[in-house]
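Accompanying notes for the structure given below.
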Amino acid sequence: MKQSTTTDAFLVSAYMNGNESALSELITRHKQRIYSFIYSKVFNRDIAEDIFQDTFIKVIKTLKKGAYNEEGKFLPWVMRIAHNLVIDHFRKNNRMPKFENKDDFNIFSVLSDNSLNIEKRMIKGQVENDVKRLIEELPEDQKQVLIMRMYKDMSFKEISEQTGVSINTALGRMRYALINLRKVIEKHNIVLTN
Amino acid sequence: MQKMYSETSRAERVNNMVPKEETIRFLLDYSKALSVIDYHKLKFEALLN
(Lines give C-alpha, C1' and ligand atoms only; values in the text may rest on other atoms or scores of the structure.)
Protein backbone atom coordinates (compact mmCIF):
# COMPACT_ATOMS: atom_id res chain seq x y z
CA MET A 1 0.00 0.00 0.00
CA LYS A 2 2.85 2.28 0.89
CA GLN A 3 4.48 1.68 -2.49
CA SER A 4 1.50 2.83 -4.54
CA THR A 5 1.57 6.21 -2.82
CA THR A 6 5.28 6.65 -3.45
CA THR A 7 5.92 9.30 -6.06
CA ASP A 8 7.57 8.56 -9.39
CA ALA A 9 10.37 10.95 -8.47
CA PHE A 10 11.11 8.92 -5.35
CA LEU A 11 11.13 5.65 -7.30
CA VAL A 12 13.38 7.12 -9.99
CA SER A 13 15.79 8.33 -7.36
CA ALA A 14 15.73 4.93 -5.61
CA TYR A 15 16.42 3.18 -8.91
CA MET A 16 19.30 5.51 -9.68
CA ASN A 17 20.71 4.59 -6.29
CA GLY A 18 20.64 0.91 -7.15
CA ASN A 19 17.18 -0.24 -6.06
CA GLU A 20 16.15 -2.52 -8.94
CA SER A 21 12.66 -3.16 -7.58
CA ALA A 22 11.88 0.54 -8.02
CA LEU A 23 12.08 0.02 -11.79
CA SER A 24 9.67 -2.88 -11.54
CA GLU A 25 7.23 -0.62 -9.70
CA LEU A 26 7.62 2.17 -12.27
CA ILE A 27 6.97 -0.22 -15.15
CA THR A 28 3.97 -1.81 -13.43
CA ARG A 29 2.55 1.62 -12.70
CA HIS A 30 2.84 3.02 -16.22
CA LYS A 31 2.98 0.03 -18.58
CA GLN A 32 -0.68 0.21 -19.57
CA ARG A 33 -0.65 3.88 -20.53
CA ILE A 34 2.64 3.68 -22.39
CA TYR A 35 1.84 0.45 -24.20
CA SER A 36 -1.68 1.59 -25.11
CA PHE A 37 -0.27 4.84 -26.46
CA ILE A 38 2.21 2.97 -28.66
CA TYR A 39 -0.41 0.45 -29.81
CA SER A 40 -2.86 3.24 -30.67
CA LYS A 41 -0.28 4.53 -33.17
CA VAL A 42 1.07 1.33 -34.73
CA PHE A 43 -1.89 -1.10 -34.36
CA ASN A 44 0.39 -4.09 -34.32
CA ARG A 45 1.13 -6.04 -31.15
CA ASP A 46 4.63 -7.18 -32.13
CA ILE A 47 5.73 -3.70 -33.20
CA ALA A 48 4.16 -2.16 -30.09
CA GLU A 49 6.01 -4.72 -27.97
CA ASP A 50 9.32 -3.83 -29.68
CA ILE A 51 8.82 -0.09 -29.27
CA PHE A 52 7.78 -0.52 -25.63
CA GLN A 53 10.95 -2.51 -25.02
CA ASP A 54 13.17 0.03 -26.81
CA THR A 55 11.53 2.85 -24.85
CA PHE A 56 12.42 1.29 -21.52
CA ILE A 57 15.91 0.34 -22.69
CA LYS A 58 16.47 4.06 -23.30
CA VAL A 59 14.94 4.89 -19.92
CA ILE A 60 17.15 2.34 -18.15
CA LYS A 61 20.33 3.54 -19.89
CA THR A 62 19.59 7.21 -19.16
CA LEU A 63 18.82 6.56 -15.52
CA LYS A 64 21.83 4.29 -14.99
CA LYS A 65 24.11 6.90 -16.54
CA GLY A 66 22.67 9.48 -14.17
CA ALA A 67 21.72 11.62 -17.16
CA TYR A 68 18.10 12.10 -16.06
CA ASN A 69 17.13 15.26 -14.28
CA GLU A 70 13.82 15.49 -12.56
CA GLU A 71 12.78 18.73 -14.22
CA GLY A 72 9.66 17.38 -15.77
CA LYS A 73 7.63 14.41 -14.73
CA PHE A 74 8.70 10.82 -15.29
CA LEU A 75 5.66 9.68 -17.31
CA PRO A 76 5.63 12.59 -19.82
CA TRP A 77 9.36 12.00 -20.33
CA VAL A 78 8.84 8.29 -21.06
CA MET A 79 5.87 9.11 -23.31
CA ARG A 80 8.09 11.52 -25.25
CA ILE A 81 10.68 8.77 -25.78
CA ALA A 82 7.93 6.37 -26.92
CA HIS A 83 6.51 9.03 -29.24
CA ASN A 84 9.92 9.62 -30.83
CA LEU A 85 10.45 5.89 -31.32
CA VAL A 86 7.03 5.58 -32.97
CA ILE A 87 8.03 8.38 -35.38
CA ASP A 88 11.35 6.62 -36.03
CA HIS A 89 9.46 3.44 -36.79
CA PHE A 90 7.24 5.13 -39.39
CA ARG A 91 10.17 7.01 -40.93
CA LYS A 92 12.13 3.79 -41.29
CA ASN A 93 9.18 2.00 -42.86
CA ASN A 94 8.54 4.83 -45.31
CA ARG A 95 12.11 4.70 -46.46
CA MET A 96 12.03 0.95 -46.78
CA PRO A 97 8.46 -0.13 -47.55
CA LYS A 98 7.93 -3.67 -46.44
CA PHE A 99 6.04 -6.15 -48.60
CA GLU A 100 4.82 -9.36 -47.18
CA ASN A 101 4.42 -12.25 -49.54
CA LYS A 102 0.93 -13.62 -49.59
CA ASP A 103 -0.65 -16.43 -51.58
CA ASP A 104 -1.96 -14.11 -54.30
CA PHE A 105 1.03 -11.78 -54.46
CA ASN A 106 4.73 -12.33 -54.34
CA ILE A 107 7.00 -9.30 -54.48
CA PHE A 108 9.68 -11.31 -56.30
CA SER A 109 7.32 -11.83 -59.22
CA VAL A 110 7.59 -8.12 -60.05
CA LEU A 111 11.15 -7.55 -58.88
CA SER A 112 14.05 -8.97 -60.76
CA ASP A 113 17.78 -8.68 -60.71
CA ASN A 114 18.79 -7.32 -64.09
CA SER A 115 22.50 -7.63 -63.56
CA LEU A 116 24.02 -10.61 -65.30
CA ASN A 117 25.27 -13.43 -63.20
CA ILE A 118 28.65 -15.01 -63.92
CA GLU A 119 27.18 -17.68 -66.22
CA LYS A 120 25.22 -15.15 -68.29
CA ARG A 121 28.27 -12.89 -68.50
CA MET A 122 30.35 -15.77 -69.86
CA ILE A 123 27.67 -16.67 -72.42
CA LYS A 124 27.40 -13.01 -73.45
CA GLY A 125 31.18 -12.87 -73.99
CA GLN A 126 31.08 -16.05 -76.07
CA VAL A 127 28.20 -14.76 -78.22
CA GLU A 128 30.04 -11.49 -78.83
CA ASN A 129 33.16 -13.39 -79.87
CA ASP A 130 31.15 -15.59 -82.26
CA VAL A 131 29.57 -12.52 -83.85
CA LYS A 132 33.00 -10.92 -84.31
CA ARG A 133 34.31 -14.08 -85.99
CA LEU A 134 31.29 -14.12 -88.33
CA ILE A 135 31.82 -10.46 -89.22
CA GLU A 136 35.43 -11.26 -90.15
CA GLU A 137 34.09 -13.61 -92.83
CA LEU A 138 32.13 -10.83 -94.59
CA PRO A 139 33.41 -9.09 -97.76
CA GLU A 140 35.64 -6.16 -96.86
CA ASP A 141 33.25 -3.35 -97.96
CA GLN A 142 30.28 -4.82 -96.03
CA LYS A 143 32.41 -5.52 -92.96
CA GLN A 144 33.71 -1.94 -92.97
CA VAL A 145 30.19 -0.41 -93.01
CA LEU A 146 28.85 -2.81 -90.37
CA ILE A 147 31.75 -2.11 -87.96
CA MET A 148 31.39 1.65 -88.42
CA ARG A 149 27.65 1.52 -87.83
CA MET A 150 27.38 -1.04 -85.03
CA TYR A 151 30.66 -0.77 -83.12
CA LYS A 152 31.68 2.84 -83.77
CA ASP A 153 28.09 4.09 -83.69
CA MET A 154 28.55 6.28 -86.77
CA SER A 155 25.65 7.62 -88.82
CA PHE A 156 25.27 6.54 -92.48
CA LYS A 157 26.15 10.10 -93.47
CA GLU A 158 29.44 9.88 -91.60
CA ILE A 159 30.09 6.42 -93.05
CA SER A 160 29.49 7.66 -96.57
CA GLU A 161 31.86 10.59 -96.01
CA GLN A 162 34.59 8.40 -94.56
CA THR A 163 34.35 5.59 -97.14
CA GLY A 164 33.79 7.91 -100.11
CA VAL A 165 30.55 6.21 -101.24
CA SER A 166 26.99 7.51 -101.35
CA ILE A 167 24.63 7.05 -98.39
CA ASN A 168 22.54 4.65 -100.50
CA THR A 169 25.58 2.49 -101.22
CA ALA A 170 26.49 2.46 -97.54
CA LEU A 171 22.89 1.47 -96.67
CA GLY A 172 22.99 -1.26 -99.31
CA ARG A 173 26.27 -2.64 -97.95
CA MET A 174 24.84 -2.71 -94.46
CA ARG A 175 21.76 -4.54 -95.72
CA TYR A 176 23.85 -7.17 -97.53
CA ALA A 177 26.14 -7.50 -94.50
CA LEU A 178 23.13 -8.40 -92.30
CA ILE A 179 21.65 -10.74 -94.96
CA ASN A 180 24.98 -12.55 -95.31
CA LEU A 181 25.41 -12.83 -91.55
CA ARG A 182 21.92 -14.38 -91.23
CA LYS A 183 22.70 -16.81 -94.03
CA VAL A 184 25.90 -18.02 -92.32
CA ILE A 185 24.14 -18.29 -88.96
CA GLU A 186 21.28 -20.34 -90.45
CA LYS A 187 23.59 -22.51 -92.52
CA HIS A 188 25.73 -23.50 -89.55
CA ASN A 189 22.89 -23.54 -87.02
CA ILE A 190 24.71 -21.10 -84.80
CA VAL A 191 22.85 -20.13 -81.61
CA LEU A 192 23.46 -16.55 -80.66
CA THR A 193 21.20 -16.09 -77.68
CA ASN A 194 21.94 -15.48 -74.05
CA MET B 1 -29.03 -5.02 -30.08
CA GLN B 2 -27.95 -5.50 -26.52
CA LYS B 3 -24.82 -7.19 -27.73
CA MET B 4 -23.99 -4.24 -29.98
CA TYR B 5 -24.31 -1.71 -27.20
CA SER B 6 -22.53 -3.78 -24.61
CA GLU B 7 -19.48 -4.40 -26.81
CA THR B 8 -16.40 -2.53 -25.70
CA SER B 9 -15.36 0.18 -28.10
CA ARG B 10 -12.14 0.03 -30.04
CA ALA B 11 -10.71 3.00 -28.14
CA GLU B 12 -11.53 1.29 -24.86
CA ARG B 13 -9.85 -1.90 -25.99
CA VAL B 14 -6.77 0.02 -27.08
CA ASN B 15 -6.57 1.83 -23.76
CA ASN B 16 -6.59 -1.38 -21.78
CA MET B 17 -3.66 -3.08 -23.40
CA VAL B 18 -0.55 -4.17 -21.58
CA PRO B 19 2.78 -5.52 -22.79
CA LYS B 20 3.61 -9.20 -22.51
CA GLU B 21 5.01 -10.47 -19.23
CA GLU B 22 8.15 -11.69 -21.03
CA THR B 23 8.88 -8.17 -22.30
CA ILE B 24 8.78 -6.83 -18.76
CA ARG B 25 10.87 -9.75 -17.51
CA PHE B 26 13.44 -8.97 -20.23
CA LEU B 27 13.57 -5.30 -19.21
CA LEU B 28 14.05 -6.10 -15.54
CA ASP B 29 16.78 -8.64 -16.36
CA TYR B 30 18.40 -6.16 -18.75
CA SER B 31 18.39 -3.52 -16.04
CA LYS B 32 20.02 -5.90 -13.55
CA ALA B 33 22.68 -6.90 -16.08
CA LEU B 34 23.49 -3.37 -17.26
CA SER B 35 26.25 -1.65 -15.47
CA VAL B 36 27.58 1.81 -16.31
CA ILE B 37 31.25 2.30 -15.55
CA ASP B 38 32.60 5.80 -14.97
CA TYR B 39 36.15 6.34 -16.10
CA HIS B 40 37.66 9.82 -16.29
CA LYS B 41 34.36 11.48 -17.20
CA LEU B 42 33.67 8.74 -19.76
CA LYS B 43 30.76 6.39 -19.26
CA PHE B 44 30.99 2.81 -20.48
CA GLU B 45 28.07 0.43 -20.66
CA ALA B 46 28.68 -3.18 -19.73
CA LEU B 47 26.19 -6.04 -19.84
CA LEU B 48 27.09 -8.54 -17.16
CA ASN B 49 25.23 -11.79 -16.90
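In the C-alpha coordinates, chains take letters A, B, ... by order of appearance, with residues numbered from 1 within each chain and ligands from 1 in the order shown.
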Which residues of chain B come within 10 Å of chain A, and what is each one's closest atom pair and distance in Å (one decimal), counting only C-alpha atoms, sorted by chain and residue number, as CSV?
residue,atom,partner,partner_atom,distance
B:Arg10,CA,A:Ser40,CA,9.8
B:Ala11,CA,A:Ser40,CA,8.3
B:Glu12,CA,A:Ser36,CA,9.9
B:Arg13,CA,A:Ser36,CA,8.9
B:Val14,CA,A:Ser36,CA,5.7
B:Asn15,CA,A:Ser36,CA,5.1
B:Asn16,CA,A:Gln32,CA,6.5
B:Met17,CA,A:Ser36,CA,5.4
B:Val18,CA,A:Gln32,CA,4.8
B:Pro19,CA,A:Glu49,CA,6.2
B:Lys20,CA,A:Glu49,CA,7.5
B:Thr23,CA,A:Gln53,CA,6.6
B:Ile24,CA,A:Ile27,CA,7.8
B:Arg25,CA,A:Ser24,CA,9.2
B:Phe26,CA,A:Gln53,CA,8.4
B:Leu27,CA,A:Gln53,CA,7.0
B:Leu28,CA,A:Ser24,CA,6.7
B:Asp29,CA,A:Glu20,CA,9.6
B:Tyr30,CA,A:Ile57,CA,8.0
B:Ser31,CA,A:Ile60,CA,6.3
B:Lys32,CA,A:Glu20,CA,6.9
B:Leu34,CA,A:Lys61,CA,8.0
B:Ser35,CA,A:Lys64,CA,7.4
B:Val36,CA,A:Lys65,CA,6.2
B:Ile37,CA,A:Lys65,CA,8.5
B:Asp38,CA,A:Lys65,CA,8.7
B:Lys43,CA,A:Lys65,CA,7.2
B:Phe44,CA,A:Lys65,CA,8.9
B:Glu45,CA,A:Lys61,CA,8.4
Mind writing the picked residues with N, CA and C atoms as a short mmCIF file (atom, residue, chain, number, x, y, z; two decimals), in the first residue's frame?
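The resulting file, selection.cif, is reproduced below:
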data_model
loop_
_atom_site.label_atom_id
_atom_site.label_comp_id
_atom_site.auth_asym_id
_atom_site.auth_seq_id
_atom_site.Cartn_x
_atom_site.Cartn_y
_atom_site.Cartn_z
N ARG B 10 -13.52 0.26 -29.63
CA ARG B 10 -12.14 0.03 -30.04
C ARG B 10 -11.18 0.85 -29.18
N ALA B 11 -11.56 2.11 -28.93
CA ALA B 11 -10.71 3.00 -28.14
C ALA B 11 -10.52 2.43 -26.74
N GLU B 12 -11.61 1.86 -26.20
CA GLU B 12 -11.53 1.29 -24.86
C GLU B 12 -10.59 0.09 -24.83
N ARG B 13 -10.72 -0.72 -25.90
CA ARG B 13 -9.85 -1.90 -25.99
C ARG B 13 -8.39 -1.49 -26.09
N VAL B 14 -8.14 -0.45 -26.90
CA VAL B 14 -6.77 0.02 -27.08
C VAL B 14 -6.20 0.55 -25.78
N ASN B 15 -7.06 1.22 -24.99
CA ASN B 15 -6.57 1.83 -23.76
C ASN B 15 -6.32 0.83 -22.64
N ASN B 16 -6.77 -0.40 -22.84
CA ASN B 16 -6.59 -1.38 -21.78
C ASN B 16 -5.54 -2.43 -22.11
N MET B 17 -4.64 -2.08 -23.00
CA MET B 17 -3.66 -3.08 -23.40
C MET B 17 -2.39 -2.98 -22.57
N VAL B 18 -1.80 -4.13 -22.35
CA VAL B 18 -0.55 -4.17 -21.58
C VAL B 18 0.49 -5.00 -22.34
N PRO B 19 1.76 -4.71 -22.11
CA PRO B 19 2.78 -5.52 -22.79
C PRO B 19 2.85 -6.93 -22.22
N LYS B 20 3.49 -7.81 -22.97
CA LYS B 20 3.61 -9.20 -22.51
C LYS B 20 4.50 -9.27 -21.27
N THR B 23 8.22 -9.44 -21.97
CA THR B 23 8.88 -8.17 -22.30
C THR B 23 9.33 -7.47 -21.02
N ILE B 24 8.45 -7.49 -20.04
CA ILE B 24 8.78 -6.83 -18.76
C ILE B 24 9.90 -7.59 -18.05
N ARG B 25 9.82 -8.91 -18.12
CA ARG B 25 10.87 -9.75 -17.51
C ARG B 25 12.22 -9.42 -18.17
N PHE B 26 12.20 -9.31 -19.50
CA PHE B 26 13.44 -8.97 -20.23
C PHE B 26 14.00 -7.63 -19.74
N LEU B 27 13.11 -6.63 -19.62
CA LEU B 27 13.57 -5.30 -19.21
C LEU B 27 14.17 -5.31 -17.81
N LEU B 28 13.54 -6.05 -16.91
CA LEU B 28 14.05 -6.10 -15.54
C LEU B 28 15.40 -6.83 -15.50
N ASP B 29 15.51 -7.91 -16.30
CA ASP B 29 16.78 -8.64 -16.36
C ASP B 29 17.86 -7.78 -17.00
N TYR B 30 17.46 -7.04 -18.06
CA TYR B 30 18.40 -6.16 -18.75
C TYR B 30 18.93 -5.10 -17.78
N SER B 31 18.01 -4.55 -17.00
CA SER B 31 18.39 -3.52 -16.04
C SER B 31 19.37 -4.06 -15.01
N LYS B 32 19.12 -5.30 -14.55
CA LYS B 32 20.02 -5.90 -13.55
C LYS B 32 21.40 -6.16 -14.16
N LEU B 34 22.79 -4.56 -16.74
CA LEU B 34 23.49 -3.37 -17.26
C LEU B 34 24.23 -2.64 -16.15
N SER B 35 25.48 -2.40 -16.45
CA SER B 35 26.25 -1.65 -15.47
C SER B 35 26.98 -0.54 -16.21
N VAL B 36 26.92 0.67 -15.66
CA VAL B 36 27.58 1.81 -16.31
C VAL B 36 28.84 2.14 -15.51
N ILE B 37 29.96 2.09 -16.22
CA ILE B 37 31.25 2.30 -15.55
C ILE B 37 31.75 3.70 -15.86
N ASP B 38 32.05 4.44 -14.82
CA ASP B 38 32.60 5.80 -14.97
C ASP B 38 34.12 5.73 -15.02
N LYS B 43 31.68 7.41 -19.80
CA LYS B 43 30.76 6.39 -19.26
C LYS B 43 30.74 5.20 -20.20
N PHE B 44 31.02 4.03 -19.69
CA PHE B 44 30.99 2.81 -20.48
C PHE B 44 29.84 1.93 -20.02
N GLU B 45 29.15 1.37 -21.00
CA GLU B 45 28.07 0.43 -20.66
C GLU B 45 28.62 -0.98 -20.70
#
Margin query: If we count only C-alpha atoms and set the cut-off at 10 Å, which residues sit around region 168-174 of chain A, ignoring sequence neighbours fewer than 4 positions away in its own chain? Please answer as a list in words.
Written below: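 The contact residues come out as Pro139, Asp141, Gln142, Lys143, Gln144, Val145, Leu146, Ile147, Met148, Arg149, Met150, Phe156, Lys157, Glu158, Ile159, Ser160, Glu161, Thr163, Gly164, Leu178, Ile179 and Asn180 of chain A.
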Could you write out that same residue set with N, CA and C atoms as a PDB file, in the first residue's frame?
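As a result, part22.pdb now contains:
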ATOM      1  N   PRO A 139      32.586  -9.865 -96.806  1.00  0.00           N
ATOM      2  CA  PRO A 139      33.409  -9.095 -97.755  1.00  0.00           C
ATOM      3  C   PRO A 139      33.850  -7.773 -97.129  1.00  0.00           C
ATOM      4  N   ASP A 141      34.062  -4.582 -97.940  1.00  0.00           N
ATOM      5  CA  ASP A 141      33.253  -3.349 -97.959  1.00  0.00           C
ATOM      6  C   ASP A 141      32.050  -3.444 -96.995  1.00  0.00           C
ATOM      7  N   GLN A 142      31.423  -4.640 -96.931  1.00  0.00           N
ATOM      8  CA  GLN A 142      30.281  -4.818 -96.026  1.00  0.00           C
ATOM      9  C   GLN A 142      30.751  -4.796 -94.558  1.00  0.00           C
ATOM     10  N   LYS A 143      31.858  -5.466 -94.323  1.00  0.00           N
ATOM     11  CA  LYS A 143      32.414  -5.520 -92.957  1.00  0.00           C
ATOM     12  C   LYS A 143      32.718  -4.109 -92.452  1.00  0.00           C
ATOM     13  N   GLN A 144      33.325  -3.301 -93.347  1.00  0.00           N
ATOM     14  CA  GLN A 144      33.705  -1.937 -92.972  1.00  0.00           C
ATOM     15  C   GLN A 144      32.480  -1.113 -92.543  1.00  0.00           C
ATOM     16  N   VAL A 145      31.413  -1.171 -93.336  1.00  0.00           N
ATOM     17  CA  VAL A 145      30.194  -0.408 -93.014  1.00  0.00           C
ATOM     18  C   VAL A 145      29.562  -0.910 -91.716  1.00  0.00           C
ATOM     19  N   LEU A 146      29.489  -2.240 -91.562  1.00  0.00           N
ATOM     20  CA  LEU A 146      28.852  -2.806 -90.374  1.00  0.00           C
ATOM     21  C   LEU A 146      29.611  -2.410 -89.094  1.00  0.00           C
ATOM     22  N   ILE A 147      30.950  -2.472 -89.159  1.00  0.00           N
ATOM     23  CA  ILE A 147      31.747  -2.112 -87.962  1.00  0.00           C
ATOM     24  C   ILE A 147      31.560  -0.629 -87.620  1.00  0.00           C
ATOM     25  N   MET A 148      31.574   0.207 -88.672  1.00  0.00           N
ATOM     26  CA  MET A 148      31.394   1.650 -88.417  1.00  0.00           C
ATOM     27  C   MET A 148      30.028   1.941 -87.804  1.00  0.00           C
ATOM     28  N   ARG A 149      29.014   1.241 -88.308  1.00  0.00           N
ATOM     29  CA  ARG A 149      27.648   1.521 -87.829  1.00  0.00           C
ATOM     30  C   ARG A 149      27.412   0.933 -86.428  1.00  0.00           C
ATOM     31  N   MET A 150      27.743  -0.354 -86.253  1.00  0.00           N
ATOM     32  CA  MET A 150      27.377  -1.043 -85.025  1.00  0.00           C
ATOM     33  C   MET A 150      28.378  -0.846 -83.884  1.00  0.00           C
ATOM     34  N   PHE A 156      24.977   6.915 -91.087  1.00  0.00           N
ATOM     35  CA  PHE A 156      25.274   6.544 -92.477  1.00  0.00           C
ATOM     36  C   PHE A 156      25.881   7.710 -93.243  1.00  0.00           C
ATOM     37  N   LYS A 157      25.560   8.920 -92.812  1.00  0.00           N
ATOM     38  CA  LYS A 157      26.146  10.102 -93.468  1.00  0.00           C
ATOM     39  C   LYS A 157      27.661  10.139 -93.219  1.00  0.00           C
ATOM     40  N   GLU A 158      28.016   9.897 -91.953  1.00  0.00           N
ATOM     41  CA  GLU A 158      29.440   9.884 -91.596  1.00  0.00           C
ATOM     42  C   GLU A 158      30.166   8.736 -92.308  1.00  0.00           C
ATOM     43  N   ILE A 159      29.474   7.575 -92.377  1.00  0.00           N
ATOM     44  CA  ILE A 159      30.094   6.415 -93.045  1.00  0.00           C
ATOM     45  C   ILE A 159      30.338   6.728 -94.521  1.00  0.00           C
ATOM     46  N   SER A 160      29.334   7.350 -95.141  1.00  0.00           N
ATOM     47  CA  SER A 160      29.486   7.659 -96.570  1.00  0.00           C
ATOM     48  C   SER A 160      30.623   8.652 -96.789  1.00  0.00           C
ATOM     49  N   GLU A 161      30.777   9.612 -95.884  1.00  0.00           N
ATOM     50  CA  GLU A 161      31.857  10.593 -96.006  1.00  0.00           C
ATOM     51  C   GLU A 161      33.225   9.927 -95.848  1.00  0.00           C
ATOM     52  N   THR A 163      34.004   6.649 -96.165  1.00  0.00           N
ATOM     53  CA  THR A 163      34.352   5.590 -97.139  1.00  0.00           C
ATOM     54  C   THR A 163      34.331   6.112 -98.581  1.00  0.00           C
ATOM     55  N   GLY A 164      33.808   7.320 -98.771  1.00  0.00           N
ATOM     56  CA  GLY A 164      33.788   7.909-100.108  1.00  0.00           C
ATOM     57  C   GLY A 164      32.745   7.302-101.020  1.00  0.00           C
ATOM     58  N   LEU A 178      24.061  -7.726 -93.220  1.00  0.00           N
ATOM     59  CA  LEU A 178      23.128  -8.401 -92.302  1.00  0.00           C
ATOM     60  C   LEU A 178      22.557  -9.669 -92.936  1.00  0.00           C
ATOM     61  N   ILE A 179      22.202  -9.565 -94.267  1.00  0.00           N
ATOM     62  CA  ILE A 179      21.652 -10.742 -94.958  1.00  0.00           C
ATOM     63  C   ILE A 179      22.680 -11.875 -94.953  1.00  0.00           C
ATOM     64  N   ASN A 180      23.931 -11.520 -95.272  1.00  0.00           N
ATOM     65  CA  ASN A 180      24.978 -12.548 -95.314  1.00  0.00           C
ATOM     66  C   ASN A 180      25.233 -13.161 -93.945  1.00  0.00           C
TER      67      ASN A 180
END
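Of note, CA of Lys92 (chain A) and CA of Leu111 (chain A) are spaced 21.0 Å apart.
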Check: So what do you get for CA of Asp153 (chain A) versus CA of Asn114 (chain A), distance-wise?
Finding: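 Answer for the CA of Asp153 (chain A) to CA of Asn114 (chain A) separation: 24.5 Å.
Each of A:Glu25, A:Glu128, A:Glu186, A:Glu70 was checked against Tyr151 (chain A) using only C-alpha atoms; the smallest atom-to-atom distance is that of A:Glu128.
The spacing separating CA of Val165 (chain A) from CA of Val131 (chain A) amounts to 25.6 Å.
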Notebook entry, point to check: DSSP says helix (DSSP H, G or I) for which residues of chain A? Put them as a ChimeraX atom specification?
Noted result: /A:2-5,8-16,20-42,45-65,74-95,107-109,118-136,140-151,156-163,167-187
